[in-house]
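Source file: entry12.txt; contents: compact mmCIF, C-alpha atoms.
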```txt
# COMPACT_ATOMS: atom_id res chain seq x y z
CA MET B 1 -2.05 -15.91 -19.73
CA ASN B 2 -4.18 -18.58 -18.14
CA LEU B 3 -6.59 -17.49 -15.41
CA GLN B 4 -8.08 -20.10 -13.10
CA GLN B 5 -10.89 -19.26 -10.75
CA GLU B 6 -12.38 -21.14 -7.81
CA SER B 7 -14.43 -20.38 -4.73
CA GLN B 8 -13.78 -21.39 -1.15
CA ASN B 9 -15.91 -20.32 1.84
CA GLY B 10 -17.19 -17.25 0.01
CA VAL B 11 -13.74 -16.18 -1.14
CA ILE B 12 -12.91 -16.13 -4.84
CA ILE B 13 -9.42 -17.42 -5.53
CA VAL B 14 -7.93 -16.38 -8.87
CA THR B 15 -4.72 -17.96 -10.09
CA PRO B 16 -3.09 -16.23 -13.06
CA ALA B 17 -0.38 -18.27 -14.73
CA GLY B 18 2.34 -16.89 -17.00
CA ARG B 19 3.13 -13.21 -17.56
CA LEU B 20 1.13 -10.22 -16.35
CA ASP B 21 2.17 -7.53 -18.80
CA ILE B 22 0.50 -5.27 -21.32
CA SER B 23 -0.65 -8.23 -23.44
CA SER B 24 -2.57 -9.82 -20.55
CA ALA B 25 -3.33 -6.83 -18.29
CA LYS B 26 -6.73 -6.08 -19.86
CA LEU B 27 -7.89 -9.71 -19.60
CA VAL B 28 -6.88 -9.90 -15.94
CA GLU B 29 -8.40 -6.50 -15.11
CA ASP B 30 -11.70 -7.26 -16.85
CA SER B 31 -11.94 -10.70 -15.24
CA LEU B 32 -11.26 -9.45 -11.73
CA ILE B 33 -13.55 -6.42 -12.06
CA GLY B 34 -16.25 -8.74 -13.42
CA ILE B 35 -15.90 -10.90 -10.30
CA ILE B 36 -16.18 -7.83 -8.03
CA GLU B 37 -19.17 -6.45 -9.96
CA ARG B 38 -20.97 -9.78 -9.47
CA GLY B 39 -20.88 -9.07 -5.76
CA ASN B 40 -17.74 -10.94 -4.74
CA SER B 41 -15.49 -8.58 -2.87
CA ARG B 42 -13.35 -11.05 -0.93
CA LEU B 43 -10.54 -12.11 -3.22
CA VAL B 44 -7.28 -13.99 -3.06
CA LEU B 45 -4.84 -13.70 -5.95
CA ASP B 46 -2.72 -16.82 -5.88
CA LEU B 47 0.39 -15.65 -7.75
CA SER B 48 2.37 -18.86 -7.32
CA GLN B 49 2.20 -19.49 -11.07
CA LEU B 50 2.91 -15.91 -12.12
CA ASP B 51 6.36 -15.74 -13.71
CA TYR B 52 6.59 -12.03 -14.50
CA ILE B 53 4.91 -8.68 -13.82
CA SER B 54 5.51 -5.39 -15.66
CA SER B 55 4.43 -1.78 -15.10
CA ALA B 56 1.17 -2.51 -16.90
CA GLY B 57 0.61 -5.44 -14.54
CA LEU B 58 1.16 -3.19 -11.54
CA ARG B 59 -1.41 -0.73 -12.89
CA THR B 60 -3.89 -3.59 -13.22
CA LEU B 61 -3.35 -4.58 -9.59
CA LEU B 62 -3.84 -0.97 -8.54
CA VAL B 63 -7.12 -0.64 -10.44
CA VAL B 64 -8.38 -3.89 -8.92
CA ALA B 65 -7.33 -2.88 -5.39
CA LYS B 66 -9.24 0.39 -5.80
CA ARG B 67 -12.36 -1.47 -6.94
CA VAL B 68 -12.14 -3.81 -3.95
CA GLU B 69 -11.77 -0.80 -1.66
CA THR B 70 -14.82 0.87 -3.23
CA ALA B 71 -16.79 -2.36 -2.74
CA LYS B 72 -15.60 -2.42 0.90
CA GLY B 73 -14.09 -5.84 0.29
CA LYS B 74 -10.75 -7.46 1.00
CA ILE B 75 -7.99 -8.73 -1.24
CA ALA B 76 -4.80 -10.60 -0.46
CA LEU B 77 -1.91 -11.89 -2.55
CA ALA B 78 -0.26 -15.26 -2.02
CA GLY B 79 2.69 -17.33 -3.16
CA LEU B 80 4.71 -14.65 -4.97
CA LYS B 81 7.87 -15.72 -6.76
CA PRO B 82 10.93 -13.68 -5.71
CA ASN B 83 11.14 -11.68 -8.96
CA VAL B 84 7.45 -10.77 -8.81
CA ARG B 85 7.73 -9.87 -5.15
CA GLU B 86 10.73 -7.65 -5.89
CA VAL B 87 8.80 -5.59 -8.46
CA LEU B 88 5.84 -5.20 -6.08
CA GLU B 89 8.11 -4.10 -3.25
CA VAL B 90 10.05 -1.62 -5.41
CA GLY B 91 6.69 -0.12 -6.44
CA GLY B 92 5.48 0.04 -2.84
CA PHE B 93 2.61 -2.33 -3.56
CA ASP B 94 3.35 -4.28 -0.40
CA ARG B 95 1.75 -1.30 1.39
CA ILE B 96 -1.45 -1.64 -0.63
CA PHE B 97 -1.81 -5.41 -0.56
CA ALA B 98 -1.52 -7.92 2.24
CA ILE B 99 1.06 -10.39 0.92
CA HIS B 100 1.05 -13.92 2.29
CA ALA B 101 3.38 -16.86 1.88
CA ASP B 102 0.69 -19.20 0.63
CA ARG B 103 -2.93 -19.49 -0.31
CA SER B 104 -4.17 -20.81 3.05
CA ALA B 105 -2.64 -17.87 4.93
CA ALA B 106 -4.22 -15.44 2.44
CA LEU B 107 -7.61 -17.16 2.75
CA ALA B 108 -7.48 -16.80 6.52
CA ALA B 109 -6.77 -13.07 6.13
CA VAL B 110 -9.74 -12.13 3.93
CA MET O 111 -8.36 15.03 -21.51
CA LEU O 112 -5.04 16.82 -21.18
CA THR O 113 -1.77 14.96 -21.58
CA PHE O 114 0.48 14.66 -18.55
CA VAL O 115 2.88 17.17 -20.13
CA GLU O 116 0.08 19.73 -20.34
CA GLU O 117 -1.12 18.96 -16.81
CA ILE O 118 2.31 19.34 -15.23
CA LEU O 119 3.06 22.53 -17.18
CA LEU O 120 -0.21 24.00 -15.91
CA LEU O 121 0.85 23.13 -12.38
CA MET O 122 4.27 24.69 -12.99
CA LEU O 123 2.80 28.02 -14.07
CA ASP O 124 2.58 30.75 -11.49
CA ASP O 125 -1.12 31.63 -11.14
CA GLN O 126 -0.36 35.31 -10.75
CA ASP O 127 2.16 36.20 -13.41
CA GLY O 128 2.09 33.27 -15.83
CA ARG O 129 5.77 32.38 -15.53
CA LEU O 130 7.01 28.81 -15.18
CA VAL O 131 8.35 27.93 -11.74
CA ASP O 132 12.04 28.34 -11.14
CA LEU O 133 13.35 24.90 -12.07
CA PRO O 134 16.61 24.36 -13.98
CA ARG O 135 15.81 23.78 -17.64
CA SER O 136 17.53 20.36 -17.69
CA ALA O 137 15.49 19.23 -14.68
CA MET O 138 12.27 20.54 -16.24
CA ASN O 139 13.15 18.67 -19.42
CA GLY O 140 13.50 15.45 -17.42
CA VAL O 141 10.01 15.99 -16.01
CA VAL O 142 8.56 16.67 -19.48
CA ALA O 143 10.28 13.55 -20.89
CA GLY O 144 8.95 11.42 -18.03
CA ALA O 145 5.46 12.81 -18.58
CA VAL O 146 5.55 11.81 -22.26
CA LEU O 147 6.72 8.29 -21.43
CA MET O 148 4.00 7.83 -18.82
CA ASP O 149 1.41 9.05 -21.31
CA LEU O 150 2.65 6.50 -23.84
CA ALA O 151 2.33 3.82 -21.15
CA MET O 152 -1.29 4.88 -20.47
CA HIS O 153 -1.94 4.59 -24.22
CA ASP O 154 -0.61 0.99 -24.10
CA ARG O 155 2.27 1.82 -26.45
CA ILE O 156 5.13 1.00 -24.09
CA ASP O 157 5.65 -1.30 -21.12
CA SER O 158 8.51 -1.54 -18.67
CA ASP O 159 10.02 -3.38 -15.75
CA LEU O 160 13.04 -2.80 -13.54
CA GLN O 161 15.45 -3.61 -16.37
CA GLU O 162 13.94 -2.37 -19.60
CA LEU O 163 11.41 -0.06 -21.26
CA ARG O 164 10.12 -1.37 -24.57
CA VAL O 165 7.67 -0.46 -27.31
CA VAL O 166 4.79 -2.93 -27.49
CA ASP O 167 2.70 -1.13 -30.11
CA LYS O 168 4.15 1.21 -32.74
CA THR O 169 0.75 2.48 -33.89
CA PRO O 170 0.66 6.30 -33.53
CA THR O 171 -1.67 7.57 -30.82
CA GLY O 172 -2.83 10.46 -33.03
CA ASP O 173 -1.38 12.96 -30.57
CA PRO O 174 1.63 14.76 -32.07
CA LEU O 175 3.00 15.48 -28.59
CA LEU O 176 3.43 11.76 -28.03
CA ASP O 177 3.95 10.31 -31.48
CA GLY O 178 7.37 11.88 -32.11
CA ALA O 179 8.68 10.23 -28.96
CA LEU O 180 6.97 6.96 -29.84
CA ALA O 181 8.58 6.92 -33.31
CA ARG O 182 11.97 7.57 -31.75
CA LEU O 183 11.52 4.77 -29.24
CA ALA O 184 10.28 2.40 -31.94
CA THR O 185 13.30 2.92 -34.18
CA SER O 186 15.91 2.63 -31.44
CA PRO O 187 17.67 -0.52 -30.31
CA ALA O 188 15.92 -2.37 -27.50
CA GLY O 189 17.38 -2.95 -24.06
CA ARG O 190 17.48 0.53 -22.51
CA ASN O 191 15.88 1.12 -19.14
CA SER O 192 13.35 3.81 -18.22
CA GLY O 193 15.96 6.19 -16.79
CA ALA O 194 18.03 6.05 -20.00
CA TRP O 195 14.91 6.88 -22.02
CA VAL O 196 14.03 9.80 -19.78
CA GLU O 197 17.54 11.18 -20.36
CA GLU O 198 17.30 10.60 -24.11
CA LEU O 199 13.90 12.24 -24.58
CA ALA O 200 14.85 15.10 -22.25
CA ARG O 201 17.28 16.30 -24.93
CA ASP O 202 14.31 17.25 -27.16
CA ALA O 203 12.07 18.38 -24.36
CA ASP O 204 12.42 22.12 -25.10
CA ASP O 205 10.44 21.45 -28.24
CA LEU O 206 7.89 19.25 -26.43
CA ARG O 207 7.38 21.91 -23.77
CA GLU O 208 6.79 24.63 -26.37
CA GLN O 209 4.35 22.39 -28.26
CA ALA O 210 2.43 21.65 -25.08
CA LEU O 211 2.26 25.33 -24.08
CA ALA O 212 1.10 26.24 -27.59
CA ARG O 213 -1.63 23.65 -27.31
CA LEU O 214 -2.79 25.00 -23.96
CA VAL O 215 -3.02 28.41 -25.65
CA SER O 216 -5.03 26.97 -28.54
CA ARG O 217 -7.34 25.21 -26.07
CA GLY O 218 -8.10 28.60 -24.51
CA ILE O 219 -6.55 27.69 -21.17
CA LEU O 220 -3.53 30.01 -21.41
CA ARG O 221 -2.71 33.28 -23.14
CA LYS O 222 0.72 33.95 -24.55
CA GLU O 223 2.42 37.27 -23.80
CA GLU O 224 5.75 38.29 -25.26
CA GLY O 225 7.77 41.08 -23.72
CA ARG O 226 11.17 42.48 -22.87
CA PHE O 227 12.96 42.52 -19.55
CA LEU O 228 15.19 45.56 -19.02
CA TRP O 229 14.37 46.37 -22.69
CA VAL O 230 16.84 43.70 -23.76
CA PHE O 231 16.00 40.18 -22.73
CA HIS O 232 13.14 38.47 -24.41
CA THR O 233 10.53 37.20 -21.94
CA ARG O 234 7.47 35.08 -22.39
CA ARG O 235 4.58 34.58 -19.98
CA TYR O 236 1.55 32.36 -20.08
CA PRO O 237 -1.18 33.88 -17.91
CA VAL O 238 -3.99 31.42 -17.17
CA ILE O 239 -7.31 32.38 -18.75
CA ASP O 240 -9.35 29.32 -17.82
CA ASP O 241 -8.17 27.89 -14.51
CA ARG O 242 -10.77 25.13 -14.13
CA GLU O 243 -8.38 22.35 -15.11
CA GLN O 244 -5.61 23.71 -12.89
CA ARG O 245 -7.95 24.03 -9.90
CA GLU O 246 -9.39 20.55 -10.42
CA VAL O 247 -5.98 18.88 -10.62
CA LYS O 248 -4.75 20.74 -7.54
CA ALA O 249 -7.85 19.79 -5.57
CA ARG O 250 -7.59 16.14 -6.65
CA LEU O 251 -3.92 15.96 -5.69
CA ARG O 252 -4.54 17.57 -2.31
CA GLU O 253 -7.37 15.17 -1.56
CA LEU O 254 -5.26 12.21 -2.60
CA VAL O 255 -2.11 12.94 -0.62
CA LEU O 256 -3.96 14.15 2.49
CA GLY O 257 -6.32 11.16 2.41
CA THR O 258 -5.88 7.41 2.58
CA GLU O 259 -7.76 6.11 -0.45
CA ILE O 260 -6.08 3.91 -3.01
CA PRO O 261 -5.06 6.09 -5.97
CA ASP O 262 -5.83 5.41 -9.60
CA PRO O 263 -2.87 5.05 -11.97
CA ARG O 264 -3.27 8.56 -13.50
CA ASP O 265 -3.18 10.17 -10.08
CA VAL O 266 -0.02 8.24 -9.22
CA VAL O 267 1.62 9.72 -12.33
CA LEU O 268 0.61 13.25 -11.32
CA VAL O 269 2.01 12.76 -7.82
CA THR O 270 5.27 11.55 -9.35
CA LEU O 271 5.48 14.57 -11.67
CA VAL O 272 4.73 17.06 -8.89
CA GLU O 273 7.34 15.38 -6.70
CA ALA O 274 10.00 15.44 -9.42
CA ALA O 275 9.25 19.07 -10.26
CA GLY O 276 9.27 20.02 -6.55
CA LEU O 277 5.84 21.65 -6.66
CA TRP O 278 4.39 20.61 -3.31
CA ASP O 279 4.89 24.13 -1.94
CA LEU O 280 2.29 25.30 -4.48
CA LEU O 281 -0.25 22.70 -3.36
CA LEU O 282 0.21 22.13 0.35
CA THR O 283 1.08 24.18 3.39
CA GLU O 284 4.23 23.28 5.27
CA ALA O 285 2.19 21.53 7.95
CA GLU O 286 0.27 19.59 5.28
CA GLN O 287 3.53 18.57 3.62
CA ASP O 288 4.77 17.20 6.95
CA LYS O 289 1.53 15.33 7.45
CA ALA O 290 1.54 13.91 3.90
CA ALA O 291 5.27 13.14 3.67
CA GLU O 292 4.99 9.41 4.25
CA ARG O 293 1.99 9.08 1.95
CA ILE O 294 3.74 11.00 -0.85
CA ALA O 295 6.83 8.83 -0.40
CA GLN O 296 4.68 5.77 -0.96
CA LEU O 297 2.63 7.12 -3.88
CA ARG O 298 5.64 8.39 -5.81
CA LYS O 299 7.07 4.86 -5.97
CA MET O 300 4.04 3.30 -7.59
CA ASP O 301 4.85 4.06 -11.23
CA LEU O 302 8.16 2.49 -12.28
CA VAL O 303 8.78 5.02 -15.08
CA GLY O 304 7.91 7.82 -12.68
CA GLN O 305 10.36 6.44 -10.18
CA ALA O 306 13.12 6.41 -12.81
CA MET O 307 12.22 9.95 -13.90
CA THR O 308 12.38 11.25 -10.33
CA GLN O 309 15.85 9.75 -9.95
CA VAL O 310 17.06 11.30 -13.22
CA VAL O 311 15.74 14.73 -12.20
CA ARG O 312 17.35 14.43 -8.74
CA ASP O 313 20.67 13.46 -10.31
CA ILE O 314 20.47 16.51 -12.61
CA GLN O 315 19.73 18.82 -9.69
CA GLU O 316 22.51 17.33 -7.57
CA SER O 317 25.01 17.75 -10.40
CA ILE O 318 23.91 21.40 -10.81
CA ALA O 319 24.31 21.94 -7.05
CA VAL O 320 27.80 20.39 -7.11
CA ALA O 321 28.79 22.47 -10.14
CA SER O 322 27.60 25.70 -8.53
CA THR O 323 29.47 24.85 -5.30
CA MET O 324 32.65 24.25 -7.29
CA ALA O 325 32.15 27.53 -9.15
CA TRP O 326 32.32 29.35 -5.82
```
As structure tokens:
Amino acid sequence: MNLQQESQNGVIIVTPAGRLDISSAKLVEDSLIGIIERGNSRLVLDLSQLDYISSAGLRTLLVVAKRVETAKGKIALAGLKPNVREVLEVGGFDRIFAIHADRSAALAAV
Amino acid sequence: MLTFVEEILLLMLDDQDGRLVDLPRSAMNGVVAGAVLMDLAMHDRIDSDLQELRVVDKTPTGDPLLDGALARLATSPAGRNSGAWVEELARDADDLREQALARLVSRGILRKEEGRFLWVFHTRRYPVIDDREQREVKARLRELVLGTEIPDPRDVVLVTLVEAAGLWDLLLTEAEQDKAAERIAQLRKMDLVGQAMTQVVRDIQESIAVASTMAW
């Protein structure tokens, strides 16, 4: 799992590449919680390079969403591949996260 | 911390007389099997997606309630989905349920009472001695489903187990259940193993209903 991070107009954009499963879930969770704990509570997860998400990956997203909520921040997802989107929708995560077609739409929403 | 099997059994026990709620044994076994799988997932021993549930770490957790199931998963061919594993583990769930109840007794939460019904049938009850855990879980679940906050993954599992076991009547009034229906429908989807377990338990109950209709 490769995790790129950049900042744009006060929003932190994180781009995980590869697979979000049990082998990478802890890394992603710790990285994102670290970002929130440093006072950044406006986040965009650009998932355009995410090839796969498992149950463990969904749990990570849930933990992060809860942290953002506690910090009274905002988080949006962008650029999901169809297989990743399917898993999120089956799990009802499209009701927790705002899901946008691309990064610019997500940036405008947070 | 209690395992999910222990937590759901506590919720299934009638506060007054210590009997388990009236749920067909095969359906209860599906709930117990699902609880074990979701505990193994929380211990990072298994992972799953829409197609498959697989072991990612064979190292025992140290909890005998979970490690028997883990060993069985680890020595079985790969490629089965979550629902198939719920069905498989449900076959041994009588034993898991008894182990979990025995542990709740040894923790001082329940007391075991043996007796006879009509002087013939053997009965067993588990009156609650220490109801702190039970009260806390019920309060947490009520707050979660009647509120709007994002749940944590453990709470999602509990919602799924309560839904599959049909226990909302014990936690919410009818009016509260109506109010929370949409929220519960969303929360119960959020764990993929829990979703598969709920489907297995529903299928079992439907097949029992069909069989009893045919018997008439």
10 Å contacts from chain B to chain O using only C-alpha atoms, as a ChimeraX atom specification: /B:21-23,52-70,86-93,95-96
Which residue of O:Arg242, O:Arg182, O:Arg213, O:Arg221 approaches O:Glu198 most closely, using all atoms listed in the file: O:Arg182
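Reported to one decimal place, the separation of atom CA of O:Pro187 from atom CA of O:Arg201 is 17.7 Å.
Computed from the coordinates, the atom CA of O:Leu271 to atom CA of O:Glu224 distance equals 27.3 Å.
Among the candidates O:Gln161, O:Thr258, O:Ser136, O:Gln126, the residue lying nearest to O:Asp204 is O:Ser136 (atoms considered: only C-alpha atoms).
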Long-range neighbours of O:Asn139 as a PyMOL selection string, 10 Å cut-off, all atoms listed in the file, 5 positions minimum in chain: chain O and resi 133-134+144-145+196-197+199-207+275+311
Close residues, O:Leu277 itself excluded, 12 Å, only C-alpha atoms, min 2 positions apart in chain, as a VMD selection string: chain O and resid 118 to 124 130 to 133 138 141 248 251 to 252 268 to 275 279 to 283 287
Atom pair atom CA of O:Gly172 / atom CA of O:Arg217: separation (Å): 16.9 Å
